[in-house]
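The file target_0.txt comes next; it holds compact mmCIF, C-alpha atoms.
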```txt
# COMPACT_ATOMS: atom_id res chain seq x y z
CA MET A 887 -20.44 -35.93 41.85
CA LYS A 888 -17.24 -34.30 40.63
CA ILE A 889 -14.29 -34.10 42.99
CA CYS A 890 -10.95 -32.42 42.29
CA VAL A 891 -7.76 -33.91 43.72
CA THR A 892 -4.40 -32.15 43.37
CA ALA A 893 -1.84 -34.61 42.06
CA GLU A 894 1.81 -34.93 41.13
CA GLY A 895 0.93 -36.99 38.04
CA ASP A 896 -1.86 -37.36 35.53
CA ASN A 897 -3.77 -40.45 36.71
CA LEU A 898 -5.58 -42.01 39.67
CA ASP A 899 -2.44 -43.76 40.93
CA SER A 900 -0.52 -40.49 41.16
CA THR A 901 0.47 -39.11 44.55
CA VAL A 902 -1.60 -36.27 45.98
CA ASP A 903 0.26 -32.99 45.50
CA PRO A 904 0.57 -31.20 48.87
CA ARG A 905 0.08 -27.82 47.17
CA PHE A 906 -3.18 -26.52 45.76
CA GLY A 907 -2.54 -23.40 43.64
CA ARG A 908 0.75 -24.61 42.22
CA CYS A 909 0.14 -28.36 42.07
CA GLN A 910 1.27 -30.30 38.99
CA TYR A 911 -2.13 -31.69 37.96
CA PHE A 912 -5.76 -31.33 38.86
CA ILE A 913 -7.53 -34.68 38.61
CA VAL A 914 -11.26 -34.03 38.28
CA VAL A 915 -12.95 -37.32 39.09
CA ASP A 916 -16.54 -38.50 38.95
CA SER A 917 -16.78 -40.15 42.36
CA ASP A 918 -19.33 -42.72 41.18
CA THR A 919 -17.79 -43.93 37.92
CA LEU A 920 -14.14 -42.97 38.65
CA GLU A 921 -14.01 -41.43 35.19
CA PHE A 922 -11.54 -38.59 35.34
CA GLU A 923 -9.99 -35.66 33.53
CA ALA A 924 -6.34 -34.75 34.21
CA ILE A 925 -5.62 -31.05 33.80
CA GLN A 926 -2.03 -29.92 33.81
CA ASN A 927 -2.03 -26.87 36.07
CA PRO A 928 -1.35 -23.74 33.98
CA ASN A 929 -0.69 -21.71 37.15
CA ARG A 930 2.33 -23.65 38.44
CA GLU A 931 4.83 -20.88 37.80
CA THR A 932 2.69 -17.76 37.84
CA MET A 933 4.17 -14.84 39.79
CA GLY A 934 1.22 -14.31 42.09
CA GLY A 935 -2.42 -15.24 42.44
CA ALA A 936 -1.92 -18.93 41.59
CA GLY A 937 -4.46 -20.01 44.20
CA ILE A 938 -7.07 -17.59 42.85
CA GLN A 939 -6.58 -18.76 39.28
CA SER A 940 -6.61 -22.43 40.21
CA SER A 941 -9.78 -21.94 42.25
CA GLN A 942 -11.59 -20.37 39.29
CA LEU A 943 -10.44 -23.23 37.10
CA ILE A 944 -11.78 -25.84 39.52
CA ALA A 945 -15.04 -23.97 40.07
CA GLY A 946 -15.44 -23.80 36.29
CA LYS A 947 -15.07 -27.60 36.13
CA GLN A 948 -18.13 -27.86 38.42
CA ALA A 949 -16.16 -29.71 41.10
CA LYS A 950 -18.08 -29.90 44.38
CA ALA A 951 -15.04 -30.64 46.54
CA VAL A 952 -11.28 -30.13 46.44
CA LEU A 953 -8.92 -32.59 48.11
CA SER A 954 -5.34 -31.39 48.63
CA GLY A 955 -2.47 -31.26 51.09
CA ASN A 956 -2.74 -27.58 51.87
CA ILE A 957 -4.66 -24.49 50.87
CA GLY A 958 -3.68 -20.82 51.07
CA PRO A 959 -5.82 -17.87 52.13
CA ASN A 960 -6.76 -16.52 48.68
CA ALA A 961 -7.65 -19.94 47.29
CA PHE A 962 -9.67 -20.67 50.41
CA GLN A 963 -11.66 -17.48 50.01
CA THR A 964 -12.27 -18.06 46.30
CA LEU A 965 -13.30 -21.71 46.65
CA GLN A 966 -15.57 -20.85 49.53
CA ALA A 967 -17.26 -18.11 47.51
CA ALA A 968 -17.72 -20.63 44.70
CA GLY A 969 -19.35 -23.07 47.13
CA VAL A 970 -16.66 -25.74 46.74
CA GLU A 971 -16.01 -27.94 49.78
CA ILE A 972 -12.34 -27.81 50.83
CA ILE A 973 -10.44 -30.67 52.40
CA THR A 974 -6.76 -30.45 53.36
CA GLY A 975 -4.25 -32.79 54.95
CA VAL A 976 -4.87 -35.37 52.24
CA SER A 977 -2.03 -37.70 51.21
CA GLY A 978 -1.50 -41.04 49.47
CA THR A 979 -2.74 -41.65 45.93
CA VAL A 980 -5.62 -39.92 44.18
CA LYS A 981 -7.64 -43.15 44.23
CA GLU A 982 -7.10 -43.61 47.99
CA ALA A 983 -8.11 -39.99 48.62
CA ILE A 984 -11.37 -40.47 46.74
CA GLU A 985 -12.16 -43.67 48.59
CA GLN A 986 -11.56 -41.99 51.92
CA TYR A 987 -13.78 -39.12 50.87
CA LYS A 988 -16.57 -41.45 49.81
CA GLU A 989 -16.32 -43.33 53.11
CA GLY A 990 -16.81 -40.02 54.91
CA LYS A 991 -13.37 -40.20 56.55
CA LEU A 992 -12.33 -36.71 55.47
CA GLU A 993 -13.53 -33.54 57.16
CA SER A 994 -13.97 -30.12 55.55
CA THR A 995 -11.36 -27.51 56.36
CA GLN A 996 -12.61 -24.40 58.12
CA GLY A 997 -9.74 -22.08 57.18
CA PRO A 998 -6.56 -21.81 55.12
CA SER A 999 -3.87 -24.28 56.24
CA VAL A 1000 -0.85 -22.32 54.98
CA ASN A 1001 0.12 -18.72 54.21
CA SER A 1002 0.36 -17.10 50.79
CA LYS A 1003 3.31 -18.22 48.63
CA PHE A 1004 3.52 -21.62 50.36
CA GLY A 1005 3.75 -23.48 47.06
CA MET A 1006 6.28 -21.19 45.37
CA PRO A 1007 9.05 -23.18 43.69
CA GLU A 1008 12.35 -22.79 45.51
CA MET B 1214 19.87 15.96 33.51
CA ILE B 1215 18.45 13.07 35.50
CA ILE B 1216 20.97 10.79 37.22
CA SER B 1217 19.85 7.62 38.96
CA VAL B 1218 21.91 5.84 41.60
CA ALA B 1219 21.31 2.09 41.73
CA SER B 1220 22.99 -1.15 42.78
CA GLY B 1221 22.29 -4.83 42.42
CA LYS B 1222 23.43 -5.62 45.92
CA GLY B 1223 21.92 -3.72 48.83
CA GLY B 1224 24.05 -1.80 51.31
CA THR B 1225 26.77 -0.82 48.86
CA GLY B 1226 26.34 2.94 49.27
CA LYS B 1227 23.58 4.26 46.98
CA THR B 1228 22.36 6.72 49.58
CA LEU B 1229 25.94 7.71 50.46
CA VAL B 1230 26.56 8.58 46.81
CA SER B 1231 23.21 10.20 46.01
CA THR B 1232 23.12 12.42 49.10
CA SER B 1233 26.78 13.40 48.69
CA LEU B 1234 26.28 14.27 45.05
CA ALA B 1235 23.22 16.39 45.87
CA LEU B 1236 24.97 18.16 48.75
CA SER B 1237 28.02 18.92 46.59
CA MET B 1238 25.96 21.01 44.21
CA GLU B 1239 25.37 24.66 44.96
CA ASN B 1240 21.98 25.08 43.38
CA ASN B 1241 19.28 23.78 41.07
CA VAL B 1242 19.25 20.24 42.37
CA GLN B 1243 16.49 17.79 43.20
CA LEU B 1244 17.00 14.62 45.22
CA LEU B 1245 14.32 11.93 44.91
CA ASP B 1246 14.34 9.04 47.36
CA CYS B 1247 12.64 6.29 45.34
CA ASP B 1248 13.56 3.53 47.77
CA VAL B 1249 9.99 3.80 49.04
CA GLU B 1250 10.05 0.58 51.04
CA GLU B 1251 12.72 1.96 53.31
CA PRO B 1252 13.57 5.54 52.43
CA ASN B 1253 16.61 6.78 54.35
CA ALA B 1254 18.01 9.78 52.45
CA HIS B 1255 16.14 12.01 54.92
CA ILE B 1256 18.63 10.96 57.61
CA PHE B 1257 21.28 12.98 55.76
CA ILE B 1258 19.12 15.51 53.95
CA LYS B 1259 17.34 17.00 56.93
CA ALA B 1260 14.68 18.72 54.89
CA GLU B 1261 11.70 20.37 56.47
CA ILE B 1262 8.75 18.63 54.86
CA LYS B 1263 6.38 21.32 53.61
CA ASN B 1264 4.01 19.25 51.50
CA LYS B 1265 2.62 15.78 51.99
CA TYR B 1266 0.74 14.20 49.11
CA PRO B 1267 -1.15 11.01 49.92
CA ALA B 1268 -0.58 8.44 47.18
CA PHE B 1269 -3.39 6.28 45.87
CA ILE B 1270 -3.93 3.50 43.40
CA PRO B 1271 -7.30 2.84 41.78
CA ILE B 1272 -8.85 -0.45 42.87
CA PRO B 1273 -11.79 -1.96 40.99
CA GLN B 1274 -15.19 -2.03 42.60
CA ILE B 1275 -17.70 -4.30 40.90
CA ASP B 1276 -21.32 -3.31 40.47
CA LYS B 1277 -22.91 -6.74 40.80
CA GLU B 1278 -26.21 -5.43 39.41
CA LYS B 1279 -24.55 -4.62 36.09
CA CYS B 1280 -22.05 -7.52 36.06
CA ASN B 1281 -22.95 -10.56 33.97
CA PHE B 1282 -19.94 -12.58 35.23
CA CYS B 1283 -18.42 -12.84 31.76
CA GLY B 1284 -14.92 -13.08 33.28
CA LYS B 1285 -13.22 -10.49 31.05
CA CYS B 1286 -11.80 -8.59 34.02
CA ALA B 1287 -10.18 -11.68 35.52
CA GLU B 1288 -8.86 -12.64 32.10
CA VAL B 1289 -7.12 -9.30 31.49
CA CYS B 1290 -5.72 -8.97 35.00
CA VAL B 1291 -2.05 -9.97 34.71
CA TYR B 1292 -1.73 -9.91 38.50
CA ASN B 1293 -4.55 -12.44 39.05
CA ALA B 1294 -6.24 -10.03 41.43
CA ILE B 1295 -9.79 -10.82 40.33
CA ALA B 1296 -11.75 -14.06 40.56
CA VAL B 1297 -14.99 -14.37 38.61
CA LEU B 1298 -17.26 -17.17 39.73
CA LYS B 1299 -20.73 -18.13 38.53
CA GLN B 1300 -22.49 -15.50 40.58
CA ASP B 1301 -19.78 -13.62 42.36
CA VAL B 1302 -16.69 -11.55 41.68
CA LEU B 1303 -13.86 -11.31 44.22
CA VAL B 1304 -11.25 -8.55 44.16
CA PHE B 1305 -7.97 -9.22 45.95
CA LYS B 1306 -6.87 -5.67 46.70
CA GLU B 1307 -3.40 -6.60 47.87
CA LEU B 1308 -2.59 -8.12 44.47
CA CYS B 1309 -3.96 -5.18 42.44
CA HIS B 1310 -1.41 -2.85 40.81
CA GLY B 1311 -4.06 -0.30 39.88
CA CYS B 1312 -3.40 -0.58 36.14
CA GLY B 1313 -7.05 0.04 35.25
CA ALA B 1314 -7.29 -2.65 32.56
CA CYS B 1315 -10.33 -4.33 34.15
CA SER B 1316 -12.50 -1.22 34.34
CA PHE B 1317 -11.40 -0.04 30.91
CA LEU B 1318 -12.22 -3.33 29.22
CA CYS B 1319 -15.37 -4.36 31.12
CA PRO B 1320 -18.05 -4.87 28.41
CA GLN B 1321 -20.83 -4.17 30.91
CA LYS B 1322 -19.20 -1.01 32.33
CA ALA B 1323 -19.77 -2.63 35.70
CA ILE B 1324 -16.44 -1.61 37.25
CA ARG B 1325 -15.72 1.71 38.85
CA GLU B 1326 -12.45 2.58 40.50
CA ILE B 1327 -12.05 3.56 44.11
CA ASN B 1328 -8.86 5.01 45.55
CA LYS B 1329 -6.80 2.99 47.96
CA GLU B 1330 -4.09 4.84 49.86
CA ILE B 1331 -0.71 3.10 49.52
CA GLY B 1332 1.67 5.69 50.94
CA VAL B 1333 2.73 9.32 50.86
CA VAL B 1334 5.00 11.60 48.85
CA ASN B 1335 6.85 14.12 51.04
CA LYS B 1336 8.36 17.29 49.65
CA GLY B 1337 10.63 19.81 51.30
CA ASN B 1338 13.85 21.78 51.02
CA PHE B 1339 17.29 21.53 52.52
CA LYS B 1340 19.91 24.13 51.54
CA ALA B 1341 20.00 24.13 47.73
CA ILE B 1342 18.23 20.80 47.49
CA GLU B 1343 14.61 20.25 46.67
CA PHE B 1344 13.92 16.96 48.42
CA ILE B 1345 11.18 14.49 47.50
CA GLU B 1346 10.66 11.07 49.01
CA GLY B 1347 8.06 8.33 48.82
CA LYS B 1348 7.03 6.32 51.86
CA LEU B 1349 5.10 3.15 51.27
CA ASN B 1350 2.59 2.16 53.95
CA ILE B 1351 3.64 -0.78 56.11
CA GLY B 1352 2.27 -4.05 54.74
CA GLU B 1353 1.79 -2.60 51.27
CA ALA B 1354 3.49 -4.51 48.45
CA MET B 1355 3.08 -2.15 45.49
CA ALA B 1356 6.16 0.06 45.30
CA PRO B 1357 6.08 0.91 41.55
CA PRO B 1358 2.89 3.04 41.54
CA LEU B 1359 4.24 5.11 44.44
CA ILE B 1360 7.65 5.49 42.76
CA ARG B 1361 5.89 6.79 39.64
CA GLN B 1362 4.10 9.35 41.80
CA VAL B 1363 7.43 10.45 43.34
CA LYS B 1364 8.84 10.86 39.85
CA GLU B 1365 5.94 13.10 38.81
CA HIS B 1366 7.67 15.82 40.87
CA ILE B 1367 10.76 15.78 38.62
CA ASN B 1368 11.72 19.23 37.39
CA ALA B 1369 13.86 18.52 34.34
CA GLU B 1370 15.35 22.00 34.42
CA LYS B 1371 17.25 21.03 37.52
CA THR B 1372 19.88 18.36 38.03
CA VAL B 1373 17.81 15.48 39.33
CA ILE B 1374 19.35 12.73 41.44
CA ILE B 1375 17.33 9.57 42.05
CA ASP B 1376 18.18 7.26 44.93
CA ALA B 1377 16.85 3.92 43.63
CA PRO B 1378 15.98 0.79 45.60
CA PRO B 1379 18.44 -2.14 45.48
CA GLY B 1380 18.11 -5.14 43.21
CA THR B 1381 16.99 -5.55 39.61
CA SER B 1382 13.22 -5.99 39.95
CA CYS B 1383 10.23 -3.76 39.09
CA PRO B 1384 10.81 -1.00 41.69
CA VAL B 1385 14.35 -0.53 40.31
CA ILE B 1386 13.22 -0.54 36.69
CA VAL B 1387 10.54 2.09 37.43
CA SER B 1388 13.08 4.24 39.32
CA ILE B 1389 15.78 4.26 36.62
CA THR B 1390 13.54 4.39 33.53
CA GLU B 1391 13.87 7.65 31.61
CA THR B 1392 16.98 8.73 33.47
CA ASP B 1393 19.89 10.09 31.45
CA PHE B 1394 22.60 8.27 33.32
CA CYS B 1395 22.82 5.62 36.01
CA LEU B 1396 25.54 5.28 38.62
CA LEU B 1397 25.93 1.68 39.71
CA VAL B 1398 27.39 1.53 43.19
CA THR B 1399 29.13 -1.70 44.09
CA GLU B 1400 31.69 -3.18 46.43
CA PRO B 1401 34.62 -5.33 45.30
CA THR B 1402 33.38 -8.59 46.78
CA PRO B 1403 32.03 -11.71 45.03
CA PHE B 1404 28.49 -10.74 46.11
CA GLY B 1405 28.92 -7.18 44.89
CA LEU B 1406 30.29 -8.35 41.54
CA ASN B 1407 27.58 -10.97 41.03
CA ASP B 1408 24.85 -8.39 41.53
CA LEU B 1409 26.72 -5.75 39.52
CA ILE B 1410 26.70 -8.10 36.53
CA LEU B 1411 22.91 -8.44 36.88
CA SER B 1412 22.55 -4.64 37.02
CA VAL B 1413 24.72 -4.20 33.93
CA GLU B 1414 22.39 -6.54 32.03
CA VAL B 1415 19.46 -4.32 33.06
CA MET B 1416 21.27 -1.15 31.93
CA ARG B 1417 22.08 -2.62 28.53
CA LYS B 1418 18.54 -3.89 28.07
CA LEU B 1419 17.08 -0.48 28.94
CA LYS B 1420 19.85 1.32 26.99
CA ILE B 1421 20.71 3.61 29.89
CA PRO B 1422 24.29 4.97 29.84
CA PHE B 1423 26.02 3.99 33.06
CA GLY B 1424 29.22 3.94 35.05
CA VAL B 1425 30.41 2.23 38.20
CA ILE B 1426 31.38 3.54 41.61
CA ILE B 1427 33.36 1.13 43.77
CA ASN B 1428 32.72 1.73 47.44
CA ARG B 1429 35.01 0.27 50.12
CA CYS B 1430 37.37 -0.12 47.17
CA ASP B 1431 40.32 -1.38 49.21
CA LEU B 1432 38.40 -4.41 50.49
CA GLY B 1433 37.75 -7.65 48.65
CA ASP B 1434 39.51 -8.52 45.42
CA GLU B 1435 40.43 -7.25 41.95
CA GLU B 1436 37.66 -9.09 40.12
CA THR B 1437 35.23 -6.15 39.93
CA GLN B 1438 37.88 -3.95 38.36
CA LYS B 1439 38.86 -6.68 35.90
CA TYR B 1440 35.21 -7.18 34.95
CA CYS B 1441 34.70 -3.46 34.31
CA THR B 1442 37.87 -3.27 32.17
CA LYS B 1443 36.85 -6.33 30.17
CA GLU B 1444 33.32 -4.98 29.63
CA ASN B 1445 34.55 -1.47 28.87
CA ILE B 1446 32.59 0.01 31.77
CA PRO B 1447 33.97 3.25 33.19
CA ILE B 1448 34.84 3.23 36.91
CA LEU B 1449 33.98 6.80 37.78
CA MET B 1450 34.92 6.87 41.44
CA ASN B 1451 36.54 4.83 44.19
CA ILE B 1452 35.57 5.38 47.81
CA PRO B 1453 37.92 3.79 50.35
CA PHE B 1454 36.92 1.66 53.32
CA LYS B 1455 37.53 4.05 56.17
CA LYS B 1456 36.33 3.74 59.71
CA GLU B 1457 35.90 7.53 59.90
CA ILE B 1458 33.45 7.47 56.98
CA ALA B 1459 31.42 4.72 58.66
CA ILE B 1460 31.37 6.60 61.97
CA ALA B 1461 30.16 9.84 60.37
CA TYR B 1462 27.58 7.97 58.31
CA SER B 1463 26.22 6.11 61.32
CA LYS B 1464 25.67 9.45 63.04
CA GLY B 1465 23.73 10.79 60.09
CA THR B 1466 26.52 13.14 59.03
CA PRO B 1467 26.76 13.32 55.25
CA LEU B 1468 30.10 12.30 53.75
CA VAL B 1469 30.75 15.70 52.21
CA GLU B 1470 30.13 17.41 55.54
CA ALA B 1471 32.49 15.12 57.47
CA PHE B 1472 35.07 15.19 54.68
CA PRO B 1473 34.63 18.41 52.69
CA GLU B 1474 37.37 17.34 50.25
CA TYR B 1475 34.81 14.92 48.79
CA LYS B 1476 32.78 17.84 47.42
CA ASN B 1477 35.32 18.29 44.63
CA LYS B 1478 35.41 14.57 43.98
CA PHE B 1479 31.65 14.53 43.51
CA MET B 1480 31.78 17.61 41.28
CA ASP B 1481 34.43 15.77 39.23
CA LEU B 1482 32.06 12.82 39.07
CA LEU B 1483 29.32 15.06 37.73
CA ASN B 1484 31.71 16.43 35.11
CA LYS B 1485 32.75 12.94 34.05
CA ILE B 1486 29.08 12.06 33.54
CA LYS B 1487 28.62 15.20 31.45
CA VAL B 1488 31.65 14.30 29.32
CA ILE B 1489 30.29 10.80 28.71
CA LYS B 1490 26.88 12.17 27.80
CA ARG B 1491 28.50 14.75 25.50
CA SER B 1492 30.58 12.15 23.66
CA GLU B 1493 27.54 9.93 23.24
CA TRP B 1494 25.60 12.84 21.85
CA GLU B 1495 28.42 13.59 19.39
CA LYS B 1496 28.58 9.95 18.36
CA SER B 1497 24.84 9.95 17.69
CA ILE B 1498 25.18 13.11 15.56
CA ILE B 1499 28.02 11.58 13.53
CA SER B 1500 26.14 8.31 13.00
CA GLN B 1501 23.21 10.29 11.62
```
Turn the structure described in the file into structure tokens.
Amino acid sequence: MKICVTAEGDNLDSTVDPRFGRCQYFIVVDSDTLEFEAIQNPNRETMGGAGIQSSQLIAGKQAKAVLSGNIGPNAFQTLQAAGVEIITGVSGTVKEAIEQYKEGKLESTQGPSVNSKFGMPE
Amino acid sequence: MIISVASGKGGTGKTLVSTSLALSMENNVQLLDCDVEEPNAHIFIKAEIKNKYPAFIPIPQIDKEKCNFCGKCAEVCVYNAIAVLKQDVLVFKELCHGCGACSFLCPQKAIREINKEIGVVNKGNFKAIEFIEGKLNIGEAMAPPLIRQVKEHINAEKTVIIDAPPGTSCPVIVSITETDFCLLVTEPTPFGLNDLILSVEVMRKLKIPFGVIINRCDLGDEETQKYCTKENIPILMNIPFKKEIAIAYSKGTPLVEAFPEYKNKFMDLLNKIKVIKRSEWEKSIISQ
């Protein structure tokens, strides 16, 4: 099964990026084989709608779950409509996050964890 | 002639200048309050509002029977207001600017537009002034479409004065576009100068002739004046920092009513603008 983890770098040892829509990289990982694709996020500096764009990107990659630090309202709505499981409050490395997910230690998020514009660069 | 009144920094005196200029003229004048997020010219121009025009923007509505989820609409939306998923399309109304690109370009003709009310355009008269203002609904983020609808009421046969919002972003650009001259109101402080420099860049980019008014001119430092001299920018008026002006203003009394001698100063200002426009016109004739 494909899982997407937001990351600050481009590999499994990278730190989980606390932002979803404007994270540095999306690491789309096959949870069984740990094969992964690192996608540099094209929406990092978009003016608005980063969460919506990123959600479409992830849904298009057939990811079944997203693991991140936080998620905003528009991304939440889009991912939910796409049937992607959303998990927030994740930290550590990408590899650790996937292990925790596989062990069933992470719970789905029932609503957005931050407001719009949370991940805007300062 | 259409004159816009703008400033990089807020609170420098745009409304003071625009209302005073309008009130100094005897006839054939329009005042447009384009600061639709917090219009305040009506405090000084006590116009009786005779017409209210609700303002709308067109928002896409997707016919999911016709839609084949090709994603074209999301692709062309520069505001990222549409998400196309495998079997669903989401429209984020609060991000939509109502540009119409999605419905125009939908290959399936699956998008129709529905009106969403964003505010109101009020129109009335006060003395010789035809007064028009836009009021954006609370919580609404899209000022530019409403500003455009305010500007549709421009009567180019009159002298038109536009009170613009502060700053240098989209609402300002929409307000000052296609105006013949822009008055940049500033104050002689480091903040005022910093934001004036940003505004000057905008003016030069948009090729709008402009001049500067220094409000509270006896405060701060000499840097604003030095900058204008160096950049060859005309300082068209200086308004002193006077407690009496502030008191009158805070009571909603227009400057030219509290201090009638300012009427002549504002008429002089208008003449200076005309002279600048005239010399530019002559230059353009010669260069042809």
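For the point (13.6, 12.1, 57.8), the residues with at least one atom inside 12 Å, counting only C-alpha atoms, are B:Asp1246, B:Glu1251, B:Pro1252, B:Asn1253, B:Ala1254, B:His1255, B:Ile1256, B:Phe1257, B:Ile1258, B:Lys1259, B:Ala1260, B:Glu1261, B:Ile1262, B:Asn1335, B:Lys1336, B:Gly1337, B:Asn1338, B:Phe1339, B:Phe1344, B:Ile1345, B:Glu1346, B:Gly1347, B:Lys1348, B:Gly1465.
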Write out the residues from the selection above, keeping C-alpha atoms, as a PDB file, in the coordinates of the input.
```pdb
ATOM      1  CA  ASP B1246      14.340   9.040  47.360  1.00  0.00           C
ATOM      2  CA  GLU B1251      12.720   1.960  53.310  1.00  0.00           C
ATOM      3  CA  PRO B1252      13.570   5.540  52.430  1.00  0.00           C
ATOM      4  CA  ASN B1253      16.610   6.780  54.350  1.00  0.00           C
ATOM      5  CA  ALA B1254      18.010   9.780  52.450  1.00  0.00           C
ATOM      6  CA  HIS B1255      16.140  12.010  54.920  1.00  0.00           C
ATOM      7  CA  ILE B1256      18.630  10.960  57.610  1.00  0.00           C
ATOM      8  CA  PHE B1257      21.280  12.980  55.760  1.00  0.00           C
ATOM      9  CA  ILE B1258      19.120  15.510  53.950  1.00  0.00           C
ATOM     10  CA  LYS B1259      17.340  17.000  56.930  1.00  0.00           C
ATOM     11  CA  ALA B1260      14.680  18.720  54.890  1.00  0.00           C
ATOM     12  CA  GLU B1261      11.700  20.370  56.470  1.00  0.00           C
ATOM     13  CA  ILE B1262       8.750  18.630  54.860  1.00  0.00           C
ATOM     14  CA  ASN B1335       6.850  14.120  51.040  1.00  0.00           C
ATOM     15  CA  LYS B1336       8.360  17.290  49.650  1.00  0.00           C
ATOM     16  CA  GLY B1337      10.630  19.810  51.300  1.00  0.00           C
ATOM     17  CA  ASN B1338      13.850  21.780  51.020  1.00  0.00           C
ATOM     18  CA  PHE B1339      17.290  21.530  52.520  1.00  0.00           C
ATOM     19  CA  PHE B1344      13.920  16.960  48.420  1.00  0.00           C
ATOM     20  CA  ILE B1345      11.180  14.490  47.500  1.00  0.00           C
ATOM     21  CA  GLU B1346      10.660  11.070  49.010  1.00  0.00           C
ATOM     22  CA  GLY B1347       8.060   8.330  48.820  1.00  0.00           C
ATOM     23  CA  LYS B1348       7.030   6.320  51.860  1.00  0.00           C
ATOM     24  CA  GLY B1465      23.730  10.790  60.090  1.00  0.00           C
TER      25      GLY B1465
END
```
Worksheet item: Leaving out Val1304 (chain B) and any residue of its chain fewer than 5 positions from it, which residues lie within 10 Å of it when counting all atoms listed in the file, given as a list of chain:residue names?
Response: A:Thr964, B:Ile1272, B:Pro1273, B:Gln1274, B:Ile1275, B:Ala1287, B:Asn1293, B:Ala1294, B:Ile1295, B:Ala1296, B:Val1297, B:Cys1309
Worksheet, complete the sentence: Here CA of Lys1490 (chain B) and CA of Val1425 (chain B) stand apart by 14.8 Å
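With only C-alpha atoms as the atoms that count, the residue of B:Ala1323, B:Leu1483, B:Val1242, B:Val1249 with the shortest distance to Cys1280 (chain B) is B:Ala1323.
Nearest residue to Asp899 (chain A) among A:Ala945, A:Ala951, A:Ile984, A:Val1000 is A:Ile984, counting only C-alpha atoms.
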Practice prompt. Please provide as number ranges by chain all residues within 10 Å of region 924-936 of chain A, with the sequence filter that same-chain residues fewer than 2 positions apart are discarded (counting all atoms listed in the file).
Written response: A: 890-898, 905-915, 922, 938-941, 943-944, 958, 960-961, 1002-1003, 1005-1007; B: 1291-1296, 1305, 1308
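Counting from CA of Ile1486 (chain B), the distance to CA of Asn1368 (chain B) is 19.2 Å.
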So that I can check the surroundings of region 1454-1463 of chain B, please list as a PDB file with C-alpha atoms, in the coordinates of the input every protein, DNA and RNA residue that reaches within 9 Å of it, counting all atoms listed in the file and ignoring chain neighbours fewer than 4 positions away.
```pdb
ATOM      1  CA  LEU B1229      25.940   7.710  50.460  1.00  0.00           C
ATOM      2  CA  PHE B1257      21.280  12.980  55.760  1.00  0.00           C
ATOM      3  CA  ASN B1428      32.720   1.730  47.440  1.00  0.00           C
ATOM      4  CA  ARG B1429      35.010   0.270  50.120  1.00  0.00           C
ATOM      5  CA  CYS B1430      37.370  -0.120  47.170  1.00  0.00           C
ATOM      6  CA  ASP B1431      40.320  -1.380  49.210  1.00  0.00           C
ATOM      7  CA  LEU B1432      38.400  -4.410  50.490  1.00  0.00           C
ATOM      8  CA  PRO B1467      26.760  13.320  55.250  1.00  0.00           C
ATOM      9  CA  LEU B1468      30.100  12.300  53.750  1.00  0.00           C
ATOM     10  CA  GLU B1470      30.130  17.410  55.540  1.00  0.00           C
ATOM     11  CA  ALA B1471      32.490  15.120  57.470  1.00  0.00           C
ATOM     12  CA  PHE B1472      35.070  15.190  54.680  1.00  0.00           C
TER      13      PHE B1472
END
```
Discussion item. Can you pull out the residues contacting Thr1399 (chain B)? Cut-off 10 Å, using all atoms listed in the file, and skip same-chain residues under 6 positions away; I want them as a list in words.
Written reply: Ala1219, Ser1220, Gly1221, Lys1222, Gly1223, Gly1224, Thr1225, Gly1226, Lys1227, Gly1405, Leu1406, Asn1407, Asp1408, Leu1409, Val1425, Ile1426, Ile1427, Asn1428, Arg1429, Cys1430, Thr1437 and Asn1451 of chain B
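Atom to atom, CA of Ile1499 (chain B) and CA of Leu1397 (chain B) stand 28.1 Å apart.
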Discussion item. Quick one: residues within 9 Å of Ala967 (chain A), only C-alpha atoms, excluding same-chain residues fewer than 5 positions away - as a VMD selection string?
Written reply: (chain A and resid 962) or (chain B and resid 1298 1301 to 1303)
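Proximity of B:Pro1271, B:Met1238, B:Gly1332, B:Phe1394 to Arg1491 (chain B), computed with all atoms listed in the file, is greatest for B:Phe1394.
Distances here use only C-alpha atoms; by that measure, the residue among B:Cys1395, B:Val1334, B:Ala1354, B:Met1416 closest to chain A is B:Ala1354.
Proximity of A:Val952, A:Leu920, A:Val970, A:Ile957 to chain B, computed with all atoms listed in the file, is greatest for A:Val970.
Using only C-alpha atoms, the shortest contact distance between chain B and any of A:Gly969, A:Lys950, A:Glu989, A:Pro998 is found at A:Gly969.
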